[in-house]
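Undergrad: Data file start_5.json (JSON, C-alpha atoms) is appended below.
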```
[["chain", "number", "residue", "atom", "x", "y", "z"],
["A", 21, "MET", "CA", 0.00, 0.00, 0.00],
["A", 22, "SER", "CA", 1.46, 3.39, -1.07],
["A", 23, "ASN", "CA", 1.61, 6.41, 1.27],
["A", 24, "ASP", "CA", -1.17, 8.11, -0.72],
["A", 25, "GLU", "CA", -3.39, 5.01, -0.41],
["A", 26, "LEU", "CA", -2.55, 4.78, 3.30],
["A", 27, "ASN", "CA", -3.56, 8.38, 3.92],
["A", 28, "MET", "CA", -6.95, 7.79, 2.25],
["A", 29, "CYS", "CA", -7.80, 5.01, 4.73],
["A", 30, "PRO", "CA", -9.35, 5.84, 8.09],
["A", 31, "LYS", "CA", -6.82, 5.49, 10.86],
["A", 32, "VAL", "CA", -7.48, 2.75, 13.40],
["A", 33, "SER", "CA", -6.30, 3.03, 16.99],
["A", 34, "VAL", "CA", -5.82, -0.38, 18.59],
["A", 35, "VAL", "CA", -6.24, -0.28, 22.36],
["A", 36, "MET", "CA", -4.78, -3.07, 24.47],
["A", 37, "ALA", "CA", -4.52, -3.26, 28.26],
["A", 38, "VAL", "CA", -2.12, -5.80, 29.74],
["A", 39, "TYR", "CA", -1.32, -6.95, 33.25],
["A", 40, "ASN", "CA", 1.33, -9.66, 33.67],
["A", 41, "GLY", "CA", 0.64, -10.96, 30.18],
["A", 42, "GLU", "CA", 4.10, -12.23, 29.26],
["A", 43, "LYS", "CA", 2.92, -15.74, 28.33],
["A", 44, "TYR", "CA", 0.83, -14.79, 25.28],
["A", 45, "LEU", "CA", 1.66, -11.12, 24.70],
["A", 46, "GLY", "CA", 4.19, -11.74, 21.93],
["A", 47, "LEU", "CA", 1.68, -13.71, 19.88],
["A", 48, "ALA", "CA", -0.97, -11.02, 20.33],
["A", 49, "LEU", "CA", 1.39, -8.23, 19.27],
["A", 50, "THR", "CA", 2.65, -10.15, 16.25],
["A", 51, "SER", "CA", -0.92, -10.77, 15.09],
["A", 52, "ILE", "CA", -1.59, -7.04, 15.16],
["A", 53, "MET", "CA", 1.61, -6.13, 13.35],
["A", 54, "ASN", "CA", 0.76, -8.70, 10.65],
["A", 55, "GLN", "CA", -2.60, -7.14, 9.78],
["A", 56, "THR", "CA", -3.19, -6.61, 6.07],
["A", 57, "TYR", "CA", -4.66, -3.20, 6.99],
["A", 58, "LYS", "CA", -1.64, -1.01, 7.73],
["A", 59, "ASN", "CA", -2.96, 2.41, 8.77],
["A", 60, "PHE", "CA", -3.17, 1.89, 12.51],
["A", 61, "GLU", "CA", -1.48, 2.72, 15.78],
["A", 62, "LEU", "CA", -1.24, 0.31, 18.70],
["A", 63, "ILE", "CA", -1.65, 1.84, 22.16],
["A", 64, "VAL", "CA", -0.69, -0.57, 24.94],
["A", 65, "ILE", "CA", -1.40, 0.28, 28.57],
["A", 66, "ASN", "CA", 0.96, -1.72, 30.78],
["A", 67, "ASP", "CA", -1.18, -1.79, 33.91],
["A", 68, "GLY", "CA", 1.50, -2.28, 36.56],
["A", 69, "SER", "CA", 2.89, -5.60, 35.30],
["A", 70, "THR", "CA", 5.58, -7.25, 37.43],
["A", 71, "ASP", "CA", 6.63, -9.93, 34.93],
["A", 72, "ASP", "CA", 8.47, -9.48, 31.59],
["A", 73, "THR", "CA", 5.59, -7.63, 29.92],
["A", 74, "GLN", "CA", 7.51, -4.35, 29.66],
["A", 75, "GLN", "CA", 10.54, -6.02, 28.07],
["A", 76, "ILE", "CA", 8.35, -7.79, 25.50],
["A", 77, "LEU", "CA", 6.61, -4.52, 24.64],
["A", 78, "ALA", "CA", 9.90, -2.65, 24.31],
["A", 79, "HIS", "CA", 11.31, -5.36, 22.04],
["A", 80, "HIS", "CA", 8.35, -5.09, 19.64],
["A", 81, "GLN", "CA", 8.35, -1.29, 19.77],
["A", 82, "LYS", "CA", 11.95, -1.22, 18.51],
["A", 83, "SER", "CA", 10.87, -2.82, 15.23],
["A", 84, "ASP", "CA", 7.56, -0.97, 14.79],
["A", 85, "PRO", "CA", 7.11, 2.73, 15.59],
["A", 86, "ARG", "CA", 3.32, 2.36, 15.40],
["A", 87, "ILE", "CA", 3.43, 0.99, 18.96],
["A", 88, "THR", "CA", 2.93, 3.41, 21.87],
["A", 89, "ILE", "CA", 3.56, 2.06, 25.37],
["A", 90, "ILE", "CA", 2.13, 3.66, 28.52],
["A", 91, "SER", "CA", 3.49, 2.03, 31.68],
["A", 92, "ARG", "CA", 2.39, 2.95, 35.20],
["A", 93, "GLY", "CA", 0.98, 1.44, 38.38],
["A", 94, "ASN", "CA", -2.01, -0.87, 38.42],
["A", 95, "LYS", "CA", -5.37, 0.88, 38.01],
["A", 96, "GLY", "CA", -7.55, -1.88, 36.59],
["A", 97, "LEU", "CA", -9.03, -2.71, 33.20],
["A", 98, "VAL", "CA", -11.62, 0.08, 32.90],
["A", 99, "ALA", "CA", -9.14, 2.84, 33.78],
["A", 100, "SER", "CA", -6.61, 1.35, 31.35],
["A", 101, "LEU", "CA", -9.06, 1.12, 28.44],
["A", 102, "ASN", "CA", -10.30, 4.66, 28.99],
["A", 103, "GLU", "CA", -6.70, 5.90, 29.11],
["A", 104, "GLY", "CA", -5.99, 4.19, 25.81],
["A", 105, "ILE", "CA", -9.13, 5.68, 24.25],
["A", 106, "ALA", "CA", -8.09, 9.16, 25.42],
["A", 107, "GLU", "CA", -4.76, 8.70, 23.60],
["A", 108, "ALA", "CA", -6.35, 7.41, 20.39],
["A", 109, "LYS", "CA", -5.76, 9.45, 17.24],
["A", 110, "GLY", "CA", -7.84, 7.29, 14.91],
["A", 111, "THR", "CA", -11.46, 7.71, 13.90],
["A", 112, "LEU", "CA", -11.96, 4.02, 14.65],
["A", 113, "ILE", "CA", -10.85, 2.04, 17.70],
["A", 114, "ALA", "CA", -10.17, -1.69, 17.70],
["A", 115, "ARG", "CA", -10.05, -3.60, 20.97],
["A", 116, "MET", "CA", -7.50, -6.32, 21.50],
["A", 117, "ASP", "CA", -6.61, -8.47, 24.50],
["A", 118, "ALA", "CA", -3.06, -9.51, 25.33],
["A", 119, "ASP", "CA", -3.83, -13.24, 25.19],
["A", 120, "ASP", "CA", -5.82, -13.37, 21.95],
["A", 121, "ILE", "CA", -4.79, -13.57, 18.29],
["A", 122, "ALA", "CA", -6.23, -11.38, 15.53],
["A", 123, "LEU", "CA", -6.46, -13.03, 12.13],
["A", 124, "PRO", "CA", -4.63, -11.06, 9.39],
["A", 125, "SER", "CA", -7.70, -9.63, 7.63],
["A", 126, "ARG", "CA", -9.58, -8.59, 10.78],
["A", 127, "PHE", "CA", -9.02, -4.82, 10.54],
["A", 128, "ASP", "CA", -9.47, -4.79, 6.77],
["A", 129, "GLU", "CA", -12.88, -6.42, 7.02],
["A", 130, "GLN", "CA", -14.10, -4.37, 9.98],
["A", 131, "VAL", "CA", -13.03, -1.05, 8.45],
["A", 132, "LYS", "CA", -14.74, -2.00, 5.19],
["A", 133, "TYR", "CA", -17.91, -2.94, 7.07],
["A", 134, "LEU", "CA", -18.03, 0.33, 9.03],
["A", 135, "ASN", "CA", -17.37, 2.35, 5.87],
["A", 136, "GLN", "CA", -20.26, 0.60, 4.12],
["A", 137, "ASN", "CA", -22.60, 0.91, 7.14],
["A", 138, "PRO", "CA", -22.31, 4.44, 8.54],
["A", 139, "ASP", "CA", -25.25, 3.87, 10.93],
["A", 140, "VAL", "CA", -23.35, 1.07, 12.71],
["A", 141, "VAL", "CA", -21.33, 2.33, 15.70],
["A", 142, "CYS", "CA", -19.75, -0.97, 16.75],
["A", 143, "VAL", "CA", -18.97, -4.23, 14.95],
["A", 144, "GLY", "CA", -17.64, -7.47, 16.42],
["A", 145, "THR", "CA", -16.72, -10.76, 14.80],
["A", 146, "SER", "CA", -17.19, -14.46, 15.27],
["A", 147, "PRO", "CA", -14.41, -15.96, 17.43],
["A", 148, "ILE", "CA", -12.41, -19.15, 17.17],
["A", 149, "ILE", "CA", -12.21, -20.49, 20.73],
["A", 150, "ILE", "CA", -8.70, -21.58, 21.69],
["A", 151, "ASP", "CA", -7.36, -22.88, 24.98],
["A", 152, "GLU", "CA", -4.23, -22.16, 27.01],
["A", 153, "ASP", "CA", -2.19, -24.37, 24.63],
["A", 154, "GLY", "CA", -3.47, -22.57, 21.55],
["A", 155, "ASP", "CA", -5.54, -25.58, 20.47],
["A", 156, "GLU", "CA", -8.57, -24.57, 18.40],
["A", 157, "LEU", "CA", -11.77, -25.97, 19.89],
["A", 158, "THR", "CA", -14.69, -24.45, 17.99],
["A", 159, "VAL", "CA", -16.02, -21.43, 16.11],
["A", 160, "LEU", "CA", -18.87, -19.58, 17.78],
["A", 161, "SER", "CA", -21.62, -18.25, 15.54],
["A", 162, "VAL", "CA", -22.75, -14.71, 16.36],
["A", 163, "PRO", "CA", -25.91, -12.75, 15.46],
["A", 164, "THR", "CA", -25.33, -10.10, 12.80],
["A", 165, "ASN", "CA", -28.60, -8.18, 12.85],
["A", 166, "ASN", "CA", -28.93, -5.09, 15.08],
["A", 167, "ASN", "CA", -32.44, -6.00, 16.23],
["A", 168, "GLU", "CA", -31.39, -9.50, 17.31],
["A", 169, "ILE", "CA", -28.27, -8.21, 19.06],
["A", 170, "GLN", "CA", -30.24, -5.52, 20.90],
["A", 171, "SER", "CA", -32.92, -8.02, 21.93],
["A", 172, "LEU", "CA", -30.31, -10.37, 23.38],
["A", 173, "LEU", "CA", -28.55, -7.54, 25.21],
["A", 174, "LEU", "CA", -31.76, -6.28, 26.79],
["A", 175, "SER", "CA", -32.56, -9.77, 28.11],
["A", 176, "GLY", "CA", -29.16, -10.10, 29.79],
["A", 177, "HIS", "CA", -27.08, -11.85, 27.14],
["A", 178, "CYS", "CA", -23.85, -10.55, 25.59],
["A", 179, "PRO", "CA", -23.72, -11.47, 21.88],
["A", 180, "ILE", "CA", -20.67, -9.30, 21.11],
["A", 181, "GLU", "CA", -17.17, -10.56, 21.98],
["A", 182, "HIS", "CA", -15.29, -7.67, 23.58],
["A", 183, "PRO", "CA", -11.78, -8.28, 22.17],
["A", 184, "SER", "CA", -13.20, -8.66, 18.67],
["A", 185, "VAL", "CA", -14.84, -5.25, 18.35],
["A", 186, "MET", "CA", -14.10, -2.13, 16.38],
["A", 187, "TYR", "CA", -16.12, 0.99, 17.24],
["A", 188, "ARG", "CA", -16.23, 4.60, 16.20],
["A", 189, "THR", "CA", -14.11, 6.87, 18.40],
["A", 190, "GLU", "CA", -16.66, 9.66, 18.34],
["A", 191, "SER", "CA", -19.44, 7.27, 19.36],
["A", 192, "ILE", "CA", -17.69, 5.73, 22.36],
["A", 193, "LYS", "CA", -16.62, 9.13, 23.65],
["A", 194, "SER", "CA", -20.15, 10.48, 23.27],
["A", 195, "VAL", "CA", -21.54, 7.82, 25.64],
["A", 196, "GLY", "CA", -18.80, 8.30, 28.22],
["A", 197, "CYS", "CA", -16.50, 5.35, 27.41],
["A", 198, "TYR", "CA", -16.29, 2.50, 29.93],
["A", 199, "ARG", "CA", -17.76, 2.98, 33.41],
["A", 200, "ARG", "CA", -15.77, 1.96, 36.48],
["A", 201, "GLU", "CA", -18.88, 0.98, 38.45],
["A", 202, "PHE", "CA", -19.62, -1.73, 35.88],
["A", 203, "GLU", "CA", -16.18, -3.36, 35.94],
["A", 204, "THR", "CA", -16.33, -7.12, 35.12],
["A", 205, "ALA", "CA", -19.31, -6.33, 32.84],
["A", 206, "GLU", "CA", -17.96, -3.06, 31.42],
["A", 207, "ASP", "CA", -18.29, -4.30, 27.85],
["A", 208, "TYR", "CA", -21.93, -5.36, 28.25],
["A", 209, "ASP", "CA", -22.80, -1.98, 29.78],
["A", 210, "LEU", "CA", -21.04, -0.21, 26.90],
["A", 211, "TRP", "CA", -22.89, -2.18, 24.20],
["A", 212, "LEU", "CA", -26.21, -1.23, 25.81],
["A", 213, "ARG", "CA", -25.30, 2.47, 25.77],
["A", 214, "LEU", "CA", -23.85, 2.39, 22.25],
["A", 215, "GLY", "CA", -27.03, 0.67, 21.09],
["A", 216, "GLU", "CA", -28.97, 3.76, 22.16],
["A", 217, "ILE", "CA", -27.14, 6.03, 19.69],
["A", 218, "GLY", "CA", -26.63, 3.71, 16.72],
["A", 219, "LYS", "CA", -26.73, 0.16, 15.37],
["A", 220, "LEU", "CA", -24.67, -2.78, 16.60],
["A", 221, "ALA", "CA", -23.42, -5.56, 14.35],
["A", 222, "ASN", "CA", -21.23, -8.64, 14.06],
["A", 223, "ILE", "CA", -19.41, -10.09, 11.10],
["A", 224, "ASN", "CA", -20.26, -13.78, 11.32],
["A", 225, "LYS", "CA", -16.81, -14.81, 10.21],
["A", 226, "PRO", "CA", -13.94, -15.92, 12.47],
["A", 227, "LEU", "CA", -11.49, -13.01, 12.59],
["A", 228, "LEU", "CA", -10.17, -13.50, 16.13],
["A", 229, "LYS", "CA", -8.80, -16.40, 18.13],
["A", 230, "TYR", "CA", -10.33, -15.93, 21.58],
["A", 231, "ARG", "CA", -8.36, -17.67, 24.32],
["A", 232, "TYR", "CA", -10.46, -19.23, 27.08],
["A", 233, "LEU", "CA", -8.52, -19.32, 30.35],
["A", 234, "SER", "CA", -9.66, -20.48, 33.78],
["A", 235, "THR", "CA", -8.19, -17.23, 35.14],
["A", 236, "SER", "CA", -10.44, -15.06, 32.97],
["A", 237, "ILE", "CA", -12.55, -12.35, 34.64],
["A", 238, "SER", "CA", -15.72, -14.23, 33.77],
["A", 239, "ALA", "CA", -14.53, -17.34, 35.60],
["A", 240, "LYS", "CA", -13.22, -15.67, 38.77],
["A", 241, "ASN", "CA", -15.93, -13.13, 39.56],
["A", 242, "GLN", "CA", -19.12, -14.88, 38.52],
["A", 243, "THR", "CA", -21.43, -13.61, 41.25],
["A", 244, "LYS", "CA", -20.26, -10.01, 40.97],
["A", 245, "GLN", "CA", -20.41, -10.08, 37.19],
["A", 246, "ALA", "CA", -23.93, -11.50, 37.21],
["A", 247, "GLN", "CA", -25.13, -8.78, 39.60],
["A", 248, "ILE", "CA", -23.51, -5.98, 37.59],
["A", 249, "THR", "CA", -24.83, -7.38, 34.31],
["A", 250, "ARG", "CA", -28.35, -7.36, 35.69],
["A", 251, "LEU", "CA", -27.93, -3.81, 37.01],
["A", 252, "ALA", "CA", -26.71, -2.58, 33.60],
["A", 253, "CYS", "CA", -29.68, -4.27, 31.93],
["A", 254, "GLU", "CA", -32.17, -2.75, 34.38],
["A", 255, "GLN", "CA", -30.70, 0.73, 33.89],
["A", 256, "ALA", "CA", -30.80, 0.35, 30.09],
["A", 257, "CYS", "CA", -34.45, -0.68, 30.16],
["A", 258, "LYS", "CA", -35.25, 2.25, 32.42],
["A", 259, "ARG", "CA", -33.46, 4.69, 30.08],
["A", 260, "ARG", "CA", -35.40, 3.31, 27.13],
["A", 261, "GLY", "CA", -38.71, 3.18, 29.01],
["A", 262, "ILE", "CA", -39.30, -0.51, 28.32],
["A", 263, "GLU", "CA", -39.78, -3.74, 30.25],
["A", 264, "VAL", "CA", -37.93, -6.86, 29.07],
["A", 265, "GLU", "CA", -37.75, -10.29, 30.68],
["A", 266, "TYR", "CA", -34.25, -11.04, 31.98],
["A", 267, "THR", "CA", -33.39, -14.56, 30.77],
["A", 268, "ALA", "CA", -29.61, -14.80, 31.24],
["A", 269, "SER", "CA", -28.03, -17.31, 33.62],
["A", 270, "ASN", "CA", -24.51, -18.27, 34.71],
["A", 271, "GLU", "CA", -24.78, -21.82, 33.40],
["A", 272, "TRP", "CA", -22.18, -21.20, 30.67],
["A", 273, "ARG", "CA", -19.51, -20.27, 33.23],
["A", 274, "MET", "CA", -17.26, -22.85, 34.87],
["A", 275, "LYS", "CA", -17.56, -23.07, 38.65],
["A", 276, "GLU", "CA", -14.87, -24.11, 41.12],
["A", 277, "ASN", "CA", -16.38, -27.47, 42.05],
["A", 278, "ARG", "CA", -15.16, -30.73, 40.55],
["A", 279, "GLN", "CA", -18.44, -31.57, 38.80],
["A", 280, "SER", "CA", -18.56, -28.25, 36.97],
["A", 281, "LYS", "CA", -14.92, -28.62, 35.91],
["A", 282, "PHE", "CA", -15.71, -32.09, 34.60],
["A", 283, "GLU", "CA", -18.74, -30.89, 32.64],
["A", 284, "PHE", "CA", -16.84, -28.04, 31.02],
["A", 285, "THR", "CA", -13.81, -30.22, 30.28],
["A", 286, "LEU", "CA", -16.13, -32.66, 28.54],
["A", 287, "LYS", "CA", -17.82, -29.80, 26.68],
["A", 288, "PHE", "CA", -14.47, -28.52, 25.37],
["A", 289, "GLY", "CA", -13.55, -32.06, 24.37],
["A", 290, "TRP", "CA", -16.71, -32.51, 22.30],
["A", 291, "TRP", "CA", -16.17, -29.09, 20.79],
["A", 292, "ALA", "CA", -12.72, -30.22, 19.69],
["A", 293, "PHE", "CA", -14.15, -33.50, 18.41],
["A", 294, "GLN", "CA", -16.75, -31.73, 16.27],
["A", 295, "TYR", "CA", -14.02, -29.33, 15.10],
["A", 296, "LYS", "CA", -12.03, -32.44, 14.07],
["A", 297, "ASN", "CA", -9.12, -31.55, 16.34],
["A", 298, "LYS", "CA", -8.16, -35.07, 17.41],
["A", 299, "GLU", "CA", -5.27, -34.21, 19.70],
["A", 300, "ALA", "CA", -7.27, -31.61, 21.62],
["A", 301, "ALA", "CA", -10.29, -33.92, 21.93],
["A", 302, "ILE", "CA", -8.12, -36.69, 23.39],
["A", 303, "LYS", "CA", -6.44, -34.18, 25.73],
["A", 304, "TYR", "CA", -9.78, -33.12, 27.19],
["A", 305, "ALA", "CA", -11.05, -36.71, 27.37],
["A", 306, "LYS", "CA", -8.03, -37.61, 29.52],
["A", 307, "ARG", "CA", -8.56, -34.57, 31.74],
["A", 308, "ALA", "CA", -12.21, -35.54, 32.18],
["A", 309, "MET", "CA", -11.16, -39.08, 33.16],
["A", 310, "ILE", "CA", -8.95, -37.67, 35.90],
["A", 311, "LEU", "CA", -11.74, -35.47, 37.21],
["A", 312, "CYS", "CA", -14.40, -38.24, 37.20],
["A", 313, "PRO", "CA", -12.77, -41.64, 36.52],
["A", 314, "VAL", "CA", -16.02, -43.63, 36.78],
["A", 315, "ASN", "CA", -18.07, -41.41, 34.49],
["A", 316, "THR", "CA", -18.48, -43.21, 31.16],
["A", 317, "GLN", "CA", -18.93, -39.97, 29.18],
["A", 318, "SER", "CA", -15.20, -39.24, 29.30],
["A", 319, "TRP", "CA", -14.43, -42.73, 27.98],
["A", 320, "LYS", "CA", -17.02, -42.26, 25.24],
["A", 321, "LEU", "CA", -15.26, -39.06, 24.14],
["A", 322, "PHE", "CA", -11.84, -40.74, 24.33],
["A", 323, "LEU", "CA", -12.85, -43.73, 22.19],
["A", 324, "ALA", "CA", -14.73, -41.59, 19.68],
["A", 325, "SER", "CA", -11.73, -39.29, 19.31],
["A", 326, "LEU", "CA", -9.34, -42.20, 19.01],
["A", 327, "PHE", "CA", -11.21, -44.17, 16.37],
["A", 328, "LYS", "CA", -13.50, -41.73, 14.55],
["A", 329, "LEU", "CA", -11.12, -38.82, 13.88]]
```
Translate the structure of the given file into structure tokens.
TA:
Amino acid sequence: MSNDELNMCPKVSVVMAVYNGEKYLGLALTSIMNQTYKNFELIVINDGSTDDTQQILAHHQKSDPRITIISRGNKGLVASLNEGIAEAKGTLIARMDADDIALPSRFDEQVKYLNQNPDVVCVGTSPIIIDEDGDELTVLSVPTNNNEIQSLLLSGHCPIEHPSVMYRTESIKSVGCYRREFETAEDYDLWLRLGEIGKLANINKPLLKYRYLSTSISAKNQTKQAQITRLACEQACKRRGIEVEYTASNEWRMKENRQSKFEFTLKFGWWAFQYKNKEAAIKYAKRAMILCPVNTQSWKLFLASLFKL
């Protein structure tokens, strides 16, 4: 892409917050630098990391001047994201987490979509679910229609994957960015408010590898997140002057007890089986056996993976 062509493209500001993310940070940064869309800046807020995060960031910054690093003490995710947004020079902002992987055409396709749909203020994508080893488990299908997305949001569900989104800078600033009082569900609260000033959308195509970790916010703070999600939903309905039945539950989140861990391990194994990832399916079958040795479901998964893939 020539300089003239580059200048004609809307600039994208990529905002990433990281806290002790040394394990996967390099992969995340490389996936951003390898985007086919080149007119972007990457703003990384190092939120008080005590591991090798700073050294990894500095190493990548040496080879790419598009990276801006802001390092300071720990303030939390919401403060970090809002700080990154305040620094953004682009008309569009792409979110990215330090443990995920953006596929090469992600920015290209999201910029094109927003250019073609000026009434859309935020667009996400379908994610490929990967685990801590990077094994691909499944592709989640996402709703693409604004009405369906809004309906799901107002009933307590979150059909937009936070690290996959690209939104308009002007739009997010006009609604006040992320709100500290909704931390752990700050993305859900933001989608509700953005949906009051414009349309929401998803590209039902996998453009991000979303890493599921047992240490994720959603796994550690389930009760708090559920309460805050419900509060955000209630406030949104009140602002809009409507009444909607709240139908969300926490059943999709892994709990700390052995039975829940077994059920989710088995679920990931069958995901991998259906995705035709034999090694990952066998890995989860073995983990399920350890969790519940007498449960025949883990053996069923193991044998199916061994002989049918």
Undergrad: Please report the interatomic distance between CA of Tyr187 in chain A and CA of Ala114 in chain A in Å with one decimal.
TA: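 Distance between the two atoms: 6.5 Å.
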Undergrad: Find the residue from A:Pro30, A:Gly96, A:Pro313, A:Pro183 that sits nearest to Gly110 in chain A; use only C-alpha atoms when measuring.
TA: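 Residue with the minimum atom-to-atom distance to Gly110 in chain A: A:Pro30.
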Undergrad: Could you give me, as a list in words, the residues within 10 Å of Ser69 in chain A, counting all atoms listed in the file and dropping anything in the same chain fewer than 5 positions from it?
TA: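 Residues meeting the cut-off are Val38, Tyr39, Asn40, Gly41, Glu42, Gln74, Ser91, Arg92, Gly93 and Asn94 of chain A.
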Undergrad: Have a look at A:Arg126, A:Arg213, A:Arg260, A:His79 and name the one nearest to Lys229 in chain A; count all atoms listed in the file.
TA: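 Smallest distance to Lys229 in chain A is found for A:Arg126.
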Undergrad: Around (-33.3, -13.7, 28.3) in the file's own coordinates, what residues are found within 7 Å if you use all atoms listed in the file, given back as number ranges by chain?
TA: A: 172, 175-177, 265-268
Undergrad: Under the rule that all atoms listed in the file are counted, which of A:Ala106, A:Ile76, A:Ala305, A:Ile180 is the nearest residue to Leu212 in chain A?
TA: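 Smallest distance to Leu212 in chain A is found for A:Ile180.
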Undergrad: Can you work out which one of A:Gln255, A:Ser318, A:Thr243, A:Ser325 has the shortest atom-to-atom distance to Ala301 in chain A, counting all atoms listed in the file?
TA: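 Using all atoms listed in the file, the shortest distance to Ala301 in chain A belongs to A:Ser325.
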Undergrad: Considering only C-alpha atoms, state which residue in the set A:Lys43, A:Arg200, A:Lys58, A:Arg307 is at the smallest distance from Thr73 in chain A.
TA: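 Once distances to Thr73 in chain A are computed over only C-alpha atoms, the minimum belongs to A:Lys43.
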Undergrad: Taking (1.6, -0.2, 14.0) in the file's coordinates as the center, which residues reach within 6 Å of it, counting only C-alpha atoms, put as a PyMOL selection string?
TA: chain A and resi 53+60-62+86-87
Undergrad: Within 8 Å of Ile105 in chain A, counting all atoms listed in the file, which residues qualify if same-chain residues fewer than 4 places away don't, as a PyMOL selection string?
TA: chain A and resi 35+101+113+189
Undergrad: When you draw a straight line from CA of Trp319 in chain A to CA of Lys306 in chain A, how long is it in Å?
TA: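 Going from CA of Trp319 in chain A over to CA of Lys306 in chain A, I get 8.3 Å.
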Undergrad: Just checking: using all atoms listed in the file, which residue out of A:Leu227, A:Ile65, A:Cys197, A:Leu49 ends up closest to Lys95 in chain A?
TA: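 Using all atoms listed in the file, the shortest distance to Lys95 in chain A belongs to A:Ile65.
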